[in-house]
Protein chains: 2
Amino acid sequence: MATPRPRARPDPGAPWSEEQIREGIELLFFAYRDFTSDPDRILAPLGMGRAHHRVVHFVGRTPDMTVGELLAILKITKQSLARVLGQLVREGYIVQRPGATDRRERRLHLTPSGQALERRLSEPQRQRVGAAYRAAGPAAVEAFRRVLTALRTPEPAPGTPANKANVRQSPRRTPGGRLSGKS
Amino acid sequence: MATPRPRARPDPGAPWSEEQIREGIELLFFAYRDFTSDPDRILAPLGMGRAHHRVVHFVGRTPDMTVGELLAILKITKQSLARVLGQLVREGYIVQRPGATDRRERRLHLTPSGQALERRLSEPQRQRVGAAYRAAGPAAVEAFRRVLTALRTPEPAPGTPANKANVRQSPRRTPGGRLSGKS
DNA sequence: CGATTATGTCAATAACACTGACATAGTTTC
DNA sequence: GAAACTATGTCAGTGTTATTGACATAATCG
């Protein structure tokens, strides 16, 4: 599994072999697969799934968030969010409060019970990340963050025109016209 | 979850704040979300999804793999794999050949058309990872790999007893008895 | 007032995964 | 060689997440 060093690089422009890049792709798959498995196991007996975790996570991290902001982060449709968010509200994990200036908004907050759930769910992940960070050392953590950040699709600058309509009913239209159906 | 080093510092035994660890969790979510979006868009018009990509990826990377090995890597049930693998075989991307020594096995290979698909799917990901690697520098790449590897749940040693039954019909049983339903 | 925005809702469909049960070759073991 | 086990496949039903499309309500804006 180890490709110890780039060795003599044939192509100076691309210091990483295709093989090494493929290994990186795989690493991401395995890390994500294992990373989500702990909270999944906690959620299942509660009749919830990964989607609930994501909502609880982001609402916990950014309280007073609007529904629209949450949609933009998750990049799902409001219909998809409705099921999950509705359940969390009905079961008392999240409350919605009308916005102070714009009363159409429903600003989201975790209830104490929601906070408890959030902590319970993130605990194994914090353990996991904490252990990985400890094992790798501070410099590695910085590097890890840089690579992961560079992996993201850059957001359109938040002041960009036609960005207000960023949250549409159908967030992603497939070129060929079919559904996209995330897994 | 090893603590390889006893804290050399008083409180900084955990040199990373909960906030920083949470940021790492989020980073992983965003990176994975964006990372999978490119191949998803290619797959959709072909009537395929992320699951097909995973199969094509691993069969491409480890040719002559058995179905059982693939199941162990993906950690899904054979019924789930059947739908995806069956389609890939029917549509000519993958062929199955009986094993040389054990003729019960169906060893998997990409056809030329399967190889073309694999390259097409992985291309945007290779681009993405390559760009991120370039942006972060060689040292960062090593560190990135170390952290991501440490994030994984360690596999039971491959010679472990009761490991032969590693691939079961139902790979994961939820404590509370409900389904687990990955997303 | 009329248009737009923020949010919600009903209905149908797809992709992916699961549980449980059973079938068919081929291999191993006694 | 028969019984037991293994590798793989298949039928049937269900749940979770997400999609598309259409319409509804309330509040804000010009």
# chains A, B, ... in the order shown; residues from 1 in each chain; ligands from 1
$ select_by_dssp --residues "region 41-183 of chain B" --states "strand (DSSP E)" --output "number ranges by chain"
B: 94-98, 106-110
$ write_last_selection --atoms "N, CA and C atoms" --output "PDB file, in the first residue's frame"
ATOM      1  N   ILE B  94     -17.987  -4.929 -17.491  1.00  0.00           N
ATOM      2  CA  ILE B  94     -17.252  -5.864 -16.648  1.00  0.00           C
ATOM      3  C   ILE B  94     -17.523  -7.286 -17.137  1.00  0.00           C
ATOM      4  N   VAL B  95     -16.481  -8.130 -17.099  1.00  0.00           N
ATOM      5  CA  VAL B  95     -16.685  -9.551 -17.392  1.00  0.00           C
ATOM      6  C   VAL B  95     -16.325 -10.369 -16.160  1.00  0.00           C
ATOM      7  N   GLN B  96     -16.958 -11.507 -16.062  1.00  0.00           N
ATOM      8  CA  GLN B  96     -16.685 -12.423 -14.963  1.00  0.00           C
ATOM      9  C   GLN B  96     -16.105 -13.700 -15.537  1.00  0.00           C
ATOM     10  N   ARG B  97     -15.006 -14.139 -14.949  1.00  0.00           N
ATOM     11  CA  ARG B  97     -14.392 -15.383 -15.408  1.00  0.00           C
ATOM     12  C   ARG B  97     -14.261 -16.340 -14.230  1.00  0.00           C
ATOM     13  N   PRO B  98     -14.563 -17.594 -14.446  1.00  0.00           N
ATOM     14  CA  PRO B  98     -14.421 -18.576 -13.359  1.00  0.00           C
ATOM     15  C   PRO B  98     -12.969 -18.623 -12.882  1.00  0.00           C
ATOM     16  N   ARG B 106     -16.098 -16.034  -9.354  1.00  0.00           N
ATOM     17  CA  ARG B 106     -16.274 -15.264 -10.588  1.00  0.00           C
ATOM     18  C   ARG B 106     -15.318 -14.093 -10.507  1.00  0.00           C
ATOM     19  N   ARG B 107     -14.188 -14.228 -11.091  1.00  0.00           N
ATOM     20  CA  ARG B 107     -13.192 -13.169 -10.988  1.00  0.00           C
ATOM     21  C   ARG B 107     -13.525 -12.040 -11.960  1.00  0.00           C
ATOM     22  N   LEU B 108     -13.356 -10.827 -11.473  1.00  0.00           N
ATOM     23  CA  LEU B 108     -13.878  -9.653 -12.182  1.00  0.00           C
ATOM     24  C   LEU B 108     -12.802  -8.895 -12.940  1.00  0.00           C
ATOM     25  N   HIS B 109     -13.167  -8.442 -14.117  1.00  0.00           N
ATOM     26  CA  HIS B 109     -12.258  -7.659 -14.966  1.00  0.00           C
ATOM     27  C   HIS B 109     -13.034  -6.583 -15.693  1.00  0.00           C
ATOM     28  N   LEU B 110     -12.373  -5.455 -15.924  1.00  0.00           N
ATOM     29  CA  LEU B 110     -12.968  -4.427 -16.775  1.00  0.00           C
ATOM     30  C   LEU B 110     -12.769  -4.813 -18.236  1.00  0.00           C
TER      31      LEU B 110
END
$ residues_around --residues "DC29 (chain D)" --least-positions-apart "5" --cutoff "12 Å" --atoms "only C-alpha atoms (C1' of nucleotides)" --output "PyMOL selection string"
(chain A and resi 102) or (chain C and resi 1-5)
$ interface_residues --of "chain D" --to "chain B" --cutoff "7 Å" --atoms "only C-alpha atoms (C1' of nucleotides)" --output "CSV table (one decimal) with C-alpha atoms (C1' of nucleotides), in the first residue's frame"
chain,number,residue,atom,x,y,z
D,7,DA,C1',-19.1,-18.8,-3.5
D,16,DT,C1',-33.9,6.2,3.7
D,17,DT,C1',-32.5,9.8,1.0
$ interface_residues --of "chain C" --to "chain B" --cutoff "7 Å" --atoms "only C-alpha atoms (C1' of nucleotides)" --output "VMD selection string"
chain C and resid 17 to 18 25 to 26
$ write_last_selection --atoms "N, CA and C atoms (P, O5', C5', C4', C3', O3' and C1' of nucleotides)" --output "CSV table (one decimal), in the first residue's frame"
chain,number,residue,atom,x,y,z
C,17,DA,P,-25.0,1.5,-2.0
C,17,DA,O5',-25.7,0.7,-0.9
C,17,DA,C5',-25.9,1.3,0.3
C,17,DA,C4',-27.1,0.6,1.1
C,17,DA,C3',-27.0,-0.9,1.3
C,17,DA,O3',-26.4,-1.1,2.6
C,17,DA,C1',-29.2,-0.2,0.9
C,18,DC,P,-26.1,-2.6,3.1
C,18,DC,O5',-27.5,-3.1,3.7
C,18,DC,C5',-28.1,-2.2,4.7
C,18,DC,C4',-29.5,-2.8,5.2
C,18,DC,C3',-29.4,-4.3,5.4
C,18,DC,O3',-29.5,-4.6,6.8
C,18,DC,C1',-31.3,-3.7,4.0
C,25,DA,P,-26.9,-26.2,-11.6
C,25,DA,O5',-25.3,-26.2,-11.8
C,25,DA,C5',-24.5,-26.3,-10.6
C,25,DA,C4',-23.4,-25.4,-10.6
C,25,DA,C3',-22.1,-26.2,-10.7
C,25,DA,O3',-21.1,-25.5,-11.3
C,25,DA,C1',-22.4,-25.1,-8.5
C,26,DG,P,-19.8,-26.3,-11.9
C,26,DG,O5',-18.8,-26.4,-10.6
C,26,DG,C5',-18.1,-25.2,-10.2
C,26,DG,C4',-17.6,-25.4,-8.8
C,26,DG,C3',-16.6,-26.6,-8.6
C,26,DG,O3',-15.4,-26.0,-8.2
C,26,DG,C1',-18.2,-26.5,-6.9
$ residues_around --residues "DA12 (chain C)" --least-positions-apart "3" --cutoff "12 Å" --atoms "only C-alpha atoms (C1' of nucleotides)" --output "list in words"
DT19, DT20, DG21 and DA22 of chain D
$ interface_residues --of "chain A" --to "chain B" --cutoff "8 Å" --atoms "only C-alpha atoms" --output "PyMOL selection string"
chain A and resi 14+16+18+21-22+24-25+27-28+30-32+34-35+40-41+44-45+47+49-51+125-136+139-141+143-153+174-183
$ write_last_selection --atoms "C-alpha atoms" --output "mmCIF file, in the first residue's frame"
data_model
loop_
_atom_site.group_PDB
_atom_site.id
_atom_site.type_symbol
_atom_site.label_atom_id
_atom_site.label_comp_id
_atom_site.auth_asym_id
_atom_site.auth_seq_id
_atom_site.Cartn_x
_atom_site.Cartn_y
_atom_site.Cartn_z
ATOM 1 C CA ALA A 14 3.187 16.501 -12.145
ATOM 2 C CA TRP A 16 2.619 12.700 -8.321
ATOM 3 C CA GLU A 18 -1.465 8.641 -11.311
ATOM 4 C CA ILE A 21 -3.459 10.198 -6.914
ATOM 5 C CA ARG A 22 -5.697 7.169 -7.204
ATOM 6 C CA GLY A 24 -5.671 9.505 -2.482
ATOM 7 C CA ILE A 25 -9.091 9.010 -4.057
ATOM 8 C CA LEU A 27 -8.257 6.993 0.973
ATOM 9 C CA LEU A 28 -11.026 9.531 0.891
ATOM 10 C CA PHE A 30 -12.460 4.647 3.055
ATOM 11 C CA ALA A 31 -12.089 7.494 5.505
ATOM 12 C CA TYR A 32 -15.556 8.779 4.761
ATOM 13 C CA ASP A 34 -15.677 4.588 8.296
ATOM 14 C CA PHE A 35 -16.137 8.107 9.523
ATOM 15 C CA ASP A 40 -25.090 5.958 11.652
ATOM 16 C CA ARG A 41 -25.231 3.265 14.276
ATOM 17 C CA ALA A 44 -30.631 4.032 13.429
ATOM 18 C CA PRO A 45 -32.391 3.016 16.666
ATOM 19 C CA GLY A 47 -35.427 6.164 13.521
ATOM 20 C CA GLY A 49 -30.326 8.633 9.435
ATOM 21 C CA ARG A 50 -27.310 10.451 8.183
ATOM 22 C CA ALA A 51 -29.382 13.326 6.891
ATOM 23 C CA GLN A 125 -16.191 11.467 15.279
ATOM 24 C CA ARG A 126 -14.382 13.842 17.591
ATOM 25 C CA GLN A 127 -12.618 10.859 19.098
ATOM 26 C CA ARG A 128 -11.647 9.604 15.718
ATOM 27 C CA VAL A 129 -10.409 12.917 14.402
ATOM 28 C CA GLY A 130 -8.692 13.732 17.664
ATOM 29 C CA ALA A 131 -6.852 10.419 17.630
ATOM 30 C CA ALA A 132 -5.854 10.837 14.011
ATOM 31 C CA TYR A 133 -4.617 14.356 14.707
ATOM 32 C CA ARG A 134 -2.624 13.204 17.708
ATOM 33 C CA ALA A 135 -1.090 10.380 15.753
ATOM 34 C CA ALA A 136 -0.128 12.624 12.862
ATOM 35 C CA ALA A 139 2.231 19.955 11.046
ATOM 36 C CA ALA A 140 0.329 17.107 9.463
ATOM 37 C CA VAL A 141 -2.954 18.531 10.702
ATOM 38 C CA ALA A 143 -1.418 20.050 5.815
ATOM 39 C CA PHE A 144 -4.484 17.864 6.053
ATOM 40 C CA ARG A 145 -6.669 20.929 6.335
ATOM 41 C CA ARG A 146 -4.996 22.598 3.405
ATOM 42 C CA VAL A 147 -5.450 19.610 1.099
ATOM 43 C CA LEU A 148 -9.028 19.012 2.135
ATOM 44 C CA THR A 149 -9.869 22.655 1.625
ATOM 45 C CA ALA A 150 -8.269 22.637 -1.801
ATOM 46 C CA LEU A 151 -10.410 19.639 -2.678
ATOM 47 C CA ARG A 152 -13.588 21.627 -2.374
ATOM 48 C CA THR A 153 -15.365 23.266 -5.247
ATOM 49 C CA THR A 174 -28.059 16.611 -14.759
ATOM 50 C CA PRO A 175 -26.694 17.348 -18.234
ATOM 51 C CA GLY A 176 -28.314 14.327 -19.781
ATOM 52 C CA GLY A 177 -31.590 15.085 -18.149
ATOM 53 C CA ARG A 178 -31.866 12.178 -15.752
ATOM 54 C CA LEU A 179 -31.951 12.155 -12.040
ATOM 55 C CA SER A 180 -28.776 12.409 -10.093
ATOM 56 C CA GLY A 181 -29.693 10.358 -7.012
ATOM 57 C CA LYS A 182 -26.921 10.705 -4.513
ATOM 58 C CA SER A 183 -26.096 7.701 -2.468
#
$ residues_around --residues "DC5 (chain D)" --least-positions-apart "6" --cutoff "10 Å" --atoms "only C-alpha atoms (C1' of nucleotides)" --output "MDAnalysis selection string"
chainID C and resid 27:29
$ write_last_selection --atoms "N, CA and C atoms (P, O5', C5', C4', C3', O3' and C1' of nucleotides)" --output "short mmCIF file (atom, residue, chain, number, x, y, z; two decimals), in the first residue's frame"
data_model
loop_
_atom_site.label_atom_id
_atom_site.label_comp_id
_atom_site.auth_asym_id
_atom_site.auth_seq_id
_atom_site.Cartn_x
_atom_site.Cartn_y
_atom_site.Cartn_z
P DT C 27 -14.04 -26.77 -8.04
"O5'" DT C 27 -13.74 -26.79 -6.48
"C5'" DT C 27 -14.35 -25.83 -5.65
"C4'" DT C 27 -14.04 -26.11 -4.19
"C3'" DT C 27 -12.92 -27.11 -3.89
"O3'" DT C 27 -12.22 -26.66 -2.74
"C1'" DT C 27 -14.95 -27.88 -2.96
P DT C 28 -10.85 -27.29 -2.22
"O5'" DT C 28 -11.23 -27.64 -0.71
"C5'" DT C 28 -12.59 -27.67 -0.39
"C4'" DT C 28 -12.83 -28.08 1.05
"C3'" DT C 28 -11.79 -28.98 1.70
"O3'" DT C 28 -11.86 -28.79 3.10
"C1'" DT C 28 -13.79 -30.20 1.34
P DT C 29 -10.82 -29.46 4.09
"O5'" DT C 29 -11.73 -30.56 4.82
"C5'" DT C 29 -13.10 -30.23 5.14
"C4'" DT C 29 -13.78 -31.44 5.78
"C3'" DT C 29 -12.83 -32.46 6.40
"O3'" DT C 29 -13.40 -32.97 7.59
"C1'" DT C 29 -14.14 -33.52 4.76
#
$ atom_distance --atom1 "CA of Ser113 (chain B)" --atom2 "CA of Thr101 (chain B)"
27.4 Å
$ atom_distance --atom1 "CA of Gly92 (chain A)" --atom2 "CA of Val55 (chain A)"
13.6 Å
$ atom_distance --atom1 "C1' of DA15 (chain C)" --atom2 "CA of Arg90 (chain B)"
18.2 Å
